[in-house]
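Have a look at protein.tsv below; it lists TSV, C-alpha atoms.
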```tsv
chain	number	residue	atom	x	y	z
A	11	MET	CA	90.86	109.71	126.27
A	12	GLU	CA	93.29	112.32	124.97
A	13	LEU	CA	96.70	112.19	123.38
A	14	LYS	CA	98.85	114.24	125.73
A	15	LEU	CA	101.14	116.39	123.63
A	16	SER	CA	104.62	117.40	124.61
A	17	SER	CA	105.51	121.06	124.26
A	18	GLU	CA	107.33	120.21	121.01
A	19	ASP	CA	104.34	118.35	119.58
A	20	ALA	CA	101.96	121.13	120.62
A	21	ALA	CA	104.20	123.64	118.84
A	22	PHE	CA	104.22	121.38	115.78
A	23	ARG	CA	100.39	121.24	115.83
A	24	ASP	CA	100.23	125.03	115.92
A	25	GLU	CA	102.73	125.24	113.05
A	26	VAL	CA	100.61	122.85	110.97
A	27	ARG	CA	97.43	124.84	111.61
A	28	ALA	CA	99.10	128.11	110.67
A	29	PHE	CA	100.64	126.62	107.53
A	30	ILE	CA	97.30	125.26	106.31
A	31	ALA	CA	95.52	128.53	106.99
A	32	GLU	CA	98.15	130.53	105.12
A	33	HIS	CA	99.03	128.27	102.21
A	34	TYR	CA	96.08	126.05	101.28
A	35	PRO	CA	95.08	127.26	97.76
A	36	GLN	CA	91.82	129.15	97.44
A	37	GLU	CA	91.19	127.42	94.09
A	38	MET	CA	90.90	124.10	95.93
A	39	ARG	CA	88.25	125.28	98.37
A	40	VAL	CA	85.33	123.84	96.40
A	41	PRO	CA	82.39	121.71	97.60
A	42	ASN	CA	83.67	118.42	96.15
A	43	PRO	CA	87.42	118.67	95.52
A	44	GLU	CA	87.67	114.97	94.67
A	45	THR	CA	85.59	115.44	91.52
A	46	ASP	CA	85.27	119.21	90.90
A	47	LEU	CA	88.95	120.05	90.35
A	48	THR	CA	91.04	119.66	87.23
A	49	LYS	CA	94.20	117.57	87.43
A	50	GLU	CA	96.30	120.73	87.53
A	51	GLN	CA	94.20	122.31	90.30
A	52	SER	CA	94.26	119.17	92.43
A	53	MET	CA	98.08	119.17	92.34
A	54	LEU	CA	98.49	122.70	93.73
A	55	TRP	CA	98.55	121.62	97.38
A	56	HIS	CA	100.76	118.64	96.52
A	57	LYS	CA	103.40	120.97	95.08
A	58	ILE	CA	103.22	123.31	98.07
A	59	LEU	CA	103.72	120.40	100.47
A	60	HIS	CA	106.57	119.03	98.35
A	61	LYS	CA	108.37	122.38	98.49
A	62	LYS	CA	107.86	122.44	102.26
A	63	GLY	CA	109.14	118.85	102.62
A	64	TRP	CA	105.83	117.60	104.06
A	65	ILE	CA	104.45	115.66	101.12
A	66	ALA	CA	105.09	112.13	102.45
A	67	PRO	CA	104.62	111.90	106.24
A	68	LEU	CA	104.91	108.10	106.29
A	69	TRP	CA	108.15	107.92	104.30
A	70	PRO	CA	111.55	107.46	105.94
A	71	LYS	CA	113.74	110.53	105.80
A	72	GLU	CA	116.27	108.78	103.57
A	73	TYR	CA	113.67	108.58	100.79
A	74	GLY	CA	112.32	112.10	101.14
A	75	GLY	CA	110.03	111.89	104.17
A	76	PRO	CA	110.02	114.62	106.83
A	77	GLY	CA	111.34	112.37	109.58
A	78	TRP	CA	108.28	112.84	111.79
A	79	SER	CA	107.45	110.77	114.85
A	80	ILE	CA	104.31	108.62	115.01
A	81	THR	CA	102.64	111.33	117.07
A	82	GLN	CA	103.51	114.06	114.58
A	83	ARG	CA	102.09	111.95	111.74
A	84	PHE	CA	98.88	111.57	113.74
A	85	ILE	CA	98.73	115.32	114.37
A	86	TRP	CA	99.23	116.00	110.66
A	87	GLU	CA	96.44	113.59	109.70
A	88	GLN	CA	94.05	115.10	112.24
A	89	GLU	CA	94.74	118.72	111.38
A	90	THR	CA	94.58	118.31	107.60
A	91	SER	CA	91.38	116.26	107.71
A	92	ARG	CA	89.70	118.65	110.13
A	93	ALA	CA	90.66	121.55	107.85
A	94	GLY	CA	89.18	119.74	104.85
A	95	THR	CA	92.32	119.84	102.73
A	96	LEU	CA	92.51	117.54	99.72
A	97	PRO	CA	95.20	114.99	100.60
A	98	PRO	CA	98.02	114.22	98.17
A	99	LEU	CA	97.14	111.47	95.72
A	100	ALA	CA	97.02	108.34	97.88
A	101	PHE	CA	97.85	105.93	95.06
A	102	SER	CA	101.18	107.67	94.59
A	103	VAL	CA	102.30	108.74	98.06
A	104	THR	CA	100.54	106.32	100.43
A	105	MET	CA	100.40	103.17	98.32
A	106	VAL	CA	102.92	102.56	95.54
A	107	GLY	CA	105.66	104.77	97.01
A	108	PRO	CA	106.09	102.68	100.20
A	109	VAL	CA	105.98	99.46	98.14
A	110	ILE	CA	108.80	100.73	95.92
A	111	TYR	CA	111.07	101.93	98.74
A	112	THR	CA	110.40	98.76	100.76
A	113	TYR	CA	110.57	96.08	98.06
A	114	GLY	CA	111.90	97.79	94.92
A	115	ASN	CA	115.50	97.79	93.73
A	116	ASP	CA	117.82	100.80	93.74
A	117	VAL	CA	117.14	101.62	90.09
A	118	GLN	CA	113.39	101.69	90.70
A	119	LYS	CA	113.79	103.84	93.79
A	120	LYS	CA	115.94	106.34	91.94
A	121	LYS	CA	113.59	106.44	88.95
A	122	PHE	CA	110.18	106.58	90.59
A	123	LEU	CA	110.40	107.99	94.13
A	124	PRO	CA	111.50	111.56	93.29
A	125	ARG	CA	108.76	111.86	90.64
A	126	ILE	CA	106.13	110.60	93.10
A	127	LEU	CA	107.21	113.20	95.64
A	128	SER	CA	107.24	116.05	93.14
A	129	GLY	CA	103.91	115.06	91.58
A	130	GLU	CA	105.43	114.65	88.12
A	131	ASP	CA	103.97	111.14	87.95
A	132	TRP	CA	100.30	110.49	88.74
A	133	TRP	CA	99.61	106.86	89.71
A	134	CYS	CA	96.47	104.76	89.71
A	135	GLN	CA	95.78	101.31	91.15
A	136	GLY	CA	95.19	98.22	89.00
A	137	TYR	CA	93.86	95.71	91.50
A	138	SER	CA	90.14	95.05	90.98
A	139	GLU	CA	88.83	93.17	87.96
A	140	PRO	CA	85.33	92.09	86.90
A	141	GLY	CA	84.66	89.21	89.28
A	142	SER	CA	87.87	89.82	91.26
A	143	GLY	CA	87.29	92.71	93.64
A	144	SER	CA	87.40	91.79	97.30
A	145	ASP	CA	88.83	88.38	96.34
A	146	LEU	CA	92.00	89.73	94.76
A	147	ALA	CA	93.64	86.30	94.74
A	148	THR	CA	91.49	85.42	91.72
A	149	VAL	CA	92.90	88.13	89.40
A	150	ARG	CA	93.06	86.93	85.79
A	151	THR	CA	95.13	89.63	84.09
A	152	ARG	CA	98.03	87.67	82.59
A	153	ALA	CA	101.66	88.69	82.22
A	154	VAL	CA	103.68	86.30	80.03
A	155	ARG	CA	107.47	86.62	79.88
A	156	ASP	CA	108.85	87.37	76.41
A	157	GLY	CA	112.58	88.03	76.63
A	158	ASP	CA	113.13	91.36	78.39
A	159	HIS	CA	109.39	92.14	78.50
A	160	TYR	CA	106.12	90.87	79.86
A	161	ILE	CA	103.14	90.75	77.51
A	162	VAL	CA	100.13	91.82	79.59
A	163	ASN	CA	96.49	91.13	78.75
A	164	GLY	CA	93.54	91.80	81.01
A	165	HIS	CA	90.86	94.16	82.27
A	166	LYS	CA	91.04	96.28	85.45
A	167	THR	CA	87.96	98.09	86.72
A	168	TRP	CA	86.85	100.72	89.28
A	169	THR	CA	90.23	102.34	88.58
A	170	THR	CA	90.02	105.68	90.36
A	171	LEU	CA	91.27	108.72	88.41
A	172	ALA	CA	92.92	106.57	85.73
A	173	GLN	CA	91.91	109.27	83.23
A	174	HIS	CA	94.69	111.43	84.71
A	175	ALA	CA	97.29	108.73	85.40
A	176	ASP	CA	100.80	108.47	84.00
A	177	TRP	CA	101.43	105.05	85.57
A	178	ILE	CA	99.42	102.16	86.97
A	179	PHE	CA	100.63	99.55	89.47
A	180	CYS	CA	99.02	96.22	88.68
A	181	LEU	CA	98.54	92.80	90.16
A	182	VAL	CA	99.11	90.35	87.32
A	183	ARG	CA	99.14	86.57	87.13
A	184	THR	CA	102.56	85.27	86.11
A	185	ASP	CA	102.12	81.61	87.09
A	186	PRO	CA	98.62	80.29	86.34
A	187	SER	CA	99.53	76.81	87.60
A	188	ALA	CA	100.41	77.98	91.12
A	189	LYS	CA	98.02	78.42	94.03
A	190	PRO	CA	96.04	81.68	93.60
A	191	GLN	CA	98.09	83.81	96.00
A	192	SER	CA	101.38	82.27	94.87
A	193	GLY	CA	101.22	83.10	91.17
A	194	ILE	CA	100.75	86.88	91.32
A	195	SER	CA	103.33	89.59	90.57
A	196	PHE	CA	103.43	93.36	91.14
A	197	LEU	CA	104.06	95.22	87.90
A	198	LEU	CA	104.47	98.94	87.08
A	199	ILE	CA	102.96	99.90	83.71
A	200	ASP	CA	103.31	103.14	81.76
A	201	MET	CA	99.79	104.31	80.88
A	202	LYS	CA	101.09	105.66	77.55
A	203	SER	CA	102.07	102.15	76.44
A	204	PRO	CA	100.40	100.89	73.24
A	205	GLY	CA	97.48	98.65	74.12
A	206	VAL	CA	96.35	100.55	77.24
A	207	THR	CA	92.78	101.88	76.91
A	208	VAL	CA	90.89	103.87	79.57
A	209	ARG	CA	87.09	104.05	79.42
A	210	PRO	CA	85.08	106.18	81.88
A	211	ILE	CA	82.52	104.80	84.32
A	212	ILE	CA	80.00	107.45	85.35
A	213	THR	CA	78.83	106.79	88.89
A	214	ILE	CA	75.32	107.17	90.30
A	215	ASP	CA	76.12	110.68	91.57
A	216	GLY	CA	76.93	111.77	88.01
A	217	SER	CA	80.69	112.14	88.43
A	218	HIS	CA	83.58	110.68	86.45
A	219	GLU	CA	85.89	109.35	89.13
A	220	ILE	CA	86.40	105.71	88.15
A	221	ASN	CA	87.27	103.87	84.96
A	222	ASP	CA	87.76	100.59	83.15
A	223	VAL	CA	91.34	99.96	82.05
A	224	PHE	CA	91.91	97.46	79.23
A	225	LEU	CA	95.36	95.96	78.64
A	226	GLU	CA	95.81	94.36	75.21
A	227	ASN	CA	99.22	92.88	74.42
A	228	VAL	CA	100.93	95.61	76.43
A	229	ARG	CA	104.71	95.21	76.45
A	230	VAL	CA	106.13	95.99	79.89
A	231	PRO	CA	109.89	95.90	80.55
A	232	VAL	CA	110.91	93.23	83.05
A	233	GLU	CA	112.75	95.98	84.93
A	234	ASN	CA	109.30	97.24	86.01
A	235	LEU	CA	108.68	94.13	88.11
A	236	VAL	CA	108.76	95.06	91.81
A	237	GLY	CA	110.50	92.50	93.99
A	238	GLU	CA	110.37	88.87	92.93
A	239	GLU	CA	108.14	87.27	90.34
A	240	ASN	CA	105.15	85.49	91.92
A	241	LYS	CA	105.65	87.31	95.24
A	242	GLY	CA	103.20	90.11	94.45
A	243	TRP	CA	100.62	88.96	96.98
A	244	THR	CA	103.02	89.88	99.79
A	245	TYR	CA	103.47	93.38	98.38
A	246	ALA	CA	99.74	93.76	97.74
A	247	LYS	CA	98.90	92.99	101.38
A	248	PHE	CA	101.54	95.45	102.56
A	249	LEU	CA	99.98	98.17	100.39
A	250	LEU	CA	96.44	97.43	101.54
A	251	GLY	CA	97.52	97.66	105.18
A	252	ASN	CA	98.71	101.23	104.56
A	253	GLU	CA	95.49	102.07	102.70
A	254	ARG	CA	93.10	100.70	105.33
A	255	THR	CA	94.89	102.24	108.31
A	256	SER	CA	94.19	105.68	106.81
A	257	MET	CA	90.46	105.01	106.46
A	258	ALA	CA	89.43	105.86	110.04
A	259	GLY	CA	88.79	109.41	108.84
A	260	ILE	CA	88.21	110.90	112.30
A	261	GLY	CA	88.82	114.48	111.19
A	262	ARG	CA	86.59	114.29	108.14
A	263	SER	CA	83.74	112.66	110.05
A	264	THR	CA	84.03	115.30	112.79
A	265	ARG	CA	83.78	118.03	110.16
A	266	TYR	CA	80.77	116.35	108.54
A	267	ILE	CA	78.99	116.01	111.91
A	268	GLU	CA	79.36	119.73	112.58
A	269	ARG	CA	77.86	120.44	109.17
A	270	LEU	CA	75.02	117.99	109.88
A	271	LYS	CA	74.18	119.76	113.14
A	272	LYS	CA	73.97	123.14	111.39
A	273	ILE	CA	71.68	121.73	108.70
A	274	VAL	CA	69.37	120.05	111.20
A	275	LYS	CA	69.16	123.26	113.22
A	276	ALA	CA	68.30	125.26	110.10
A	277	GLU	CA	65.89	122.78	108.48
A	278	VAL	CA	64.10	120.96	111.32
A	279	ALA	CA	61.89	122.85	113.76
A	280	GLU	CA	62.61	122.21	117.43
A	281	ASP	CA	58.99	121.27	118.14
A	282	ASP	CA	58.94	118.77	115.29
A	283	PRO	CA	59.03	115.17	116.65
A	284	VAL	CA	61.64	114.41	114.00
A	285	SER	CA	64.01	116.81	115.77
A	286	GLY	CA	64.31	114.48	118.74
A	287	GLU	CA	65.03	111.52	116.50
A	288	PHE	CA	67.79	113.43	114.76
A	289	ALA	CA	69.27	114.39	118.14
A	290	LYS	CA	69.37	110.72	119.19
A	291	ASP	CA	70.88	109.57	115.88
A	292	ILE	CA	73.54	112.29	115.96
A	293	ALA	CA	74.42	111.43	119.57
A	294	ARG	CA	74.84	107.76	118.65
A	295	VAL	CA	77.15	108.47	115.75
A	296	GLU	CA	79.16	110.95	117.85
A	297	LEU	CA	79.68	108.30	120.52
A	298	ASP	CA	80.80	105.79	117.91
A	299	LEU	CA	83.21	108.35	116.50
A	300	LEU	CA	84.63	109.07	119.96
A	301	ALA	CA	85.12	105.34	120.53
A	302	LEU	CA	86.91	105.00	117.20
A	303	GLU	CA	89.10	108.00	118.02
A	304	ALA	CA	90.02	106.47	121.38
A	305	THR	CA	90.97	103.26	119.57
A	306	GLU	CA	93.07	105.19	117.10
A	307	LEU	CA	94.84	107.05	119.90
A	308	ARG	CA	95.57	103.76	121.63
A	309	VAL	CA	97.03	102.32	118.44
A	310	VAL	CA	99.08	105.50	117.89
A	311	ALA	CA	100.50	105.10	121.40
A	312	GLN	CA	101.33	101.45	120.69
A	313	MET	CA	102.96	102.28	117.35
A	314	SER	CA	105.10	104.94	119.03
A	315	ARG	CA	106.48	102.08	121.19
A	316	GLY	CA	107.17	99.96	118.13
A	317	ILE	CA	104.08	97.72	118.34
A	318	ASP	CA	102.54	96.76	115.00
A	319	PRO	CA	98.84	97.72	114.66
A	320	GLY	CA	97.99	94.31	113.19
A	321	PRO	CA	94.27	93.79	112.45
A	322	ALA	CA	93.48	97.32	113.70
A	323	ALA	CA	93.80	98.40	110.05
A	324	SER	CA	90.70	96.34	109.22
A	325	LEU	CA	88.86	97.71	112.26
A	326	PHE	CA	89.58	101.29	111.21
A	327	LYS	CA	88.33	100.55	107.72
A	328	ILE	CA	85.05	99.02	108.93
A	329	ARG	CA	84.12	101.53	111.60
A	330	GLY	CA	85.46	104.61	109.82
A	331	THR	CA	83.52	103.94	106.63
A	332	GLU	CA	80.30	102.93	108.38
A	333	ILE	CA	80.33	106.08	110.51
A	334	LEU	CA	80.82	108.35	107.52
A	335	GLN	CA	78.03	106.59	105.63
A	336	ARG	CA	75.66	107.12	108.55
A	337	ILE	CA	76.57	110.81	108.76
A	338	THR	CA	75.93	111.41	105.05
A	339	ASP	CA	72.68	109.42	105.31
A	340	LEU	CA	71.45	111.61	108.19
A	341	THR	CA	72.48	114.75	106.31
A	342	HIS	CA	70.58	113.64	103.23
A	343	ARG	CA	67.48	112.96	105.33
A	344	ALA	CA	67.77	116.35	107.02
A	345	ILE	CA	67.56	118.38	103.78
A	346	GLY	CA	64.22	116.87	102.76
A	347	ASN	CA	63.01	117.73	99.27
A	348	TYR	CA	66.19	119.64	98.49
A	349	GLY	CA	67.80	116.22	98.18
A	350	LEU	CA	66.34	115.97	94.68
A	351	ALA	CA	69.09	118.33	93.44
A	352	LEU	CA	71.86	115.93	92.49
A	353	ARG	CA	74.81	117.92	91.17
A	354	GLU	CA	76.53	121.16	92.13
A	355	ILE	CA	75.99	123.63	89.26
A	356	PRO	CA	79.03	125.83	88.48
A	357	ALA	CA	78.35	129.55	88.89
A	358	SER	CA	79.51	130.07	85.30
A	359	GLU	CA	76.42	128.25	84.00
A	360	ASN	CA	74.15	130.91	85.53
A	361	ILE	CA	71.51	128.34	86.51
A	362	PHE	CA	69.37	128.85	89.61
A	363	VAL	CA	69.53	125.98	92.09
A	364	PRO	CA	66.89	126.10	94.87
A	365	GLY	CA	67.85	125.99	98.51
A	366	PRO	CA	70.79	127.24	100.58
A	367	ASP	CA	74.32	126.67	99.30
A	368	TYR	CA	74.96	123.92	101.82
A	369	MET	CA	72.24	121.82	100.18
A	370	HIS	CA	73.77	121.56	96.75
A	371	THR	CA	76.23	118.72	97.26
A	372	VAL	CA	74.49	116.67	99.96
A	373	SER	CA	72.88	114.17	97.58
A	374	GLU	CA	76.08	113.75	95.62
A	375	LYS	CA	78.09	113.02	98.77
A	376	TYR	CA	75.42	110.65	100.09
A	377	LEU	CA	75.44	108.60	96.89
A	378	ASN	CA	79.22	108.67	96.47
A	379	MET	CA	79.84	107.51	100.03
A	380	ARG	CA	77.93	104.25	99.42
A	381	LYS	CA	81.17	102.94	97.92
A	382	LEU	CA	83.15	103.27	101.16
A	383	SER	CA	82.17	99.90	102.60
A	384	ILE	CA	83.14	98.17	99.34
A	385	PHE	CA	86.43	99.61	98.09
A	386	GLY	CA	89.76	98.85	99.73
A	387	GLY	CA	88.46	95.37	100.51
A	388	SER	CA	84.78	95.12	101.41
A	389	ASN	CA	83.82	95.39	105.06
A	390	GLU	CA	82.66	91.76	104.97
A	391	ILE	CA	86.20	90.74	104.00
A	392	GLN	CA	87.61	92.92	106.80
A	393	ARG	CA	85.39	91.13	109.32
A	394	ASN	CA	86.73	87.81	108.06
A	395	ILE	CA	90.29	89.10	108.60
A	396	ILE	CA	89.47	90.12	112.18
A	397	ALA	CA	87.71	86.80	112.85
A	398	LYS	CA	90.78	84.90	111.70
A	399	ALA	CA	93.52	87.12	113.12
A	400	VAL	CA	91.92	88.06	116.46
A	401	LEU	CA	89.39	85.34	117.28
A	402	GLY	CA	91.19	82.45	115.62
A	403	LEU	CA	88.07	81.32	113.77
```

Spell out the structure here as structure tokens.
Amino acid sequence: MELKLSSEDAAFRDEVRAFIAEHYPQEMRVPNPETDLTKEQSMLWHKILHKKGWIAPLWPKEYGGPGWSITQRFIWEQETSRAGTLPPLAFSVTMVGPVIYTYGNDVQKKKFLPRILSGEDWWCQGYSEPGSGSDLATVRTRAVRDGDHYIVNGHKTWTTLAQHADWIFCLVRTDPSAKPQSGISFLLIDMKSPGVTVRPIITIDGSHEINDVFLENVRVPVENLVGEENKGWTYAKFLLGNERTSMAGIGRSTRYIERLKKIVKAEVAEDDPVSGEFAKDIARVELDLLALEATELRVVAQMSRGIDPGPAASLFKIRGTEILQRITDLTHRAIGNYGLALREIPASENIFVPGPDYMHTVSEKYLNMRKLSIFGGSNEIQRNIIAKAVLGL
């Protein structure tokens, strides 16, 4: 199954490829851009795309989007992921931005949207709490009205890149007497506010990507409430739909499979019985990836006709993350004893690391990718959504 491109779309694809090749910053071409770059380095591509007018493919043109068709958005996603570019910060552009322009008031749109597009404001997501991860309806962070402010107290966790953030969008409980989903509001909080504390969580791969965020008597202006009080669950579901739809990751998985094949060819002898097992495993994951791509193309075709993807967002999240986990697992197995080297060592440290260069980040990626089936709503939760929405169970 192929997406047949018009001559205009084919020309657009060629323009995208040429633009990436010419303008993607050399400083960002590192093994693990998600964790190896400084905040300033990670924003270089963002600023280039903003200047070009391509920073927010999903946004309507009236709010600063490029005005692309569904097919052009798909082409952009495929070409950037295949090229391995670091995408613009999802919490800003993909998540909170669409919530603000869809449900926010005119003052909020004028204040926040231009700074999201330019990269002046870095956002993080305050959803998960200890004991309230996949079951977001049980959030306990409280926001109590006090005149023109809310007083917020609570603890958010697994907050990705909060150490860099200027703002955090939070789910907070504003009516503890209401049913769980009915008493939640969507609040925008300045990370520089007194009472906000960020503490690092070092993950098993040795990186600092996630954090605890503590909110102690934080005063938040009522004007930072998005939409209506106690209607935050509606906005939260809207945001998660955007997040999960982008998790298919076809381009990234395709790139990782090609890397896996090269490693297996270099590290596993053809006459080794293990070679045949790797060939079978790679073939299986390639077939699953092709099936997922065909599903994505079908949904793209439906969306271009105005049909909502519905529970396909959950399907993309499940299959996309499982496929990428299997690829990184196979890659880790293929490098054998070299897998004991956990972290990429910067050249400036002048430390010898055994094995070819392609070995040095395999273990880190394998360990880091274990999170994929948990964040964004665990895959078990996604299966429940599909069972209810599709099968009527």

Of the listed residues A:Gly216, A:Pro204, A:Pro67, A:Gly193, that which approaches Thr90 (chain A) most closely, counting only C-alpha atoms
A:Pro67

Once you count all atoms listed in the file, which residues end up no further than 12 Å from (103.2, 117.6, 112.3) in the file's frame, shown as a VMD selection string?
chain A and resid 15 18 to 30 63 to 68 76 to 90

What does the file look like for those residues with C-alpha atoms, as a short mmCIF file (atom, residue, chain, number, x, y, z; two decimals), in the coordinates of the input?
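Once written, part.cif looks like this:
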```
data_model
loop_
_atom_site.label_atom_id
_atom_site.label_comp_id
_atom_site.auth_asym_id
_atom_site.auth_seq_id
_atom_site.Cartn_x
_atom_site.Cartn_y
_atom_site.Cartn_z
CA LEU A 15 101.14 116.39 123.63
CA GLU A 18 107.33 120.21 121.01
CA ASP A 19 104.34 118.35 119.58
CA ALA A 20 101.96 121.13 120.62
CA ALA A 21 104.20 123.64 118.84
CA PHE A 22 104.22 121.38 115.78
CA ARG A 23 100.39 121.24 115.83
CA ASP A 24 100.23 125.03 115.92
CA GLU A 25 102.73 125.24 113.05
CA VAL A 26 100.61 122.85 110.97
CA ARG A 27 97.43 124.84 111.61
CA ALA A 28 99.10 128.11 110.67
CA PHE A 29 100.64 126.62 107.53
CA ILE A 30 97.30 125.26 106.31
CA GLY A 63 109.14 118.85 102.62
CA TRP A 64 105.83 117.60 104.06
CA ILE A 65 104.45 115.66 101.12
CA ALA A 66 105.09 112.13 102.45
CA PRO A 67 104.62 111.90 106.24
CA LEU A 68 104.91 108.10 106.29
CA PRO A 76 110.02 114.62 106.83
CA GLY A 77 111.34 112.37 109.58
CA TRP A 78 108.28 112.84 111.79
CA SER A 79 107.45 110.77 114.85
CA ILE A 80 104.31 108.62 115.01
CA THR A 81 102.64 111.33 117.07
CA GLN A 82 103.51 114.06 114.58
CA ARG A 83 102.09 111.95 111.74
CA PHE A 84 98.88 111.57 113.74
CA ILE A 85 98.73 115.32 114.37
CA TRP A 86 99.23 116.00 110.66
CA GLU A 87 96.44 113.59 109.70
CA GLN A 88 94.05 115.10 112.24
CA GLU A 89 94.74 118.72 111.38
CA THR A 90 94.58 118.31 107.60
#
```

Kindly assemble as a tab-separated table a list of the region 45-74 of chain A residues that lie within 10 Å of region 169-176 of chain A, each paired with its nearest atom pair and their distance in Å to one decimal, using only C-alpha atoms, sorted first by chain and then by ascending residue number.
```
residue	atom	partner	partner_atom	distance
A:Thr45	CA	A:Leu171	CA	9.3
A:Thr48	CA	A:His174	CA	9.3
A:Lys49	CA	A:His174	CA	6.7
A:Glu50	CA	A:His174	CA	9.9
```

Could you tell me which of A:Val103, A:Leu350, A:Ile384, A:Val232 comes closest to Gln118 (chain A) if we count all atoms listed in the file?
A:Val232

Record the distance separating CA of Gly402 (chain A) and CA of Leu382 (chain A), expressed in Å with one decimal.
26.6 Å
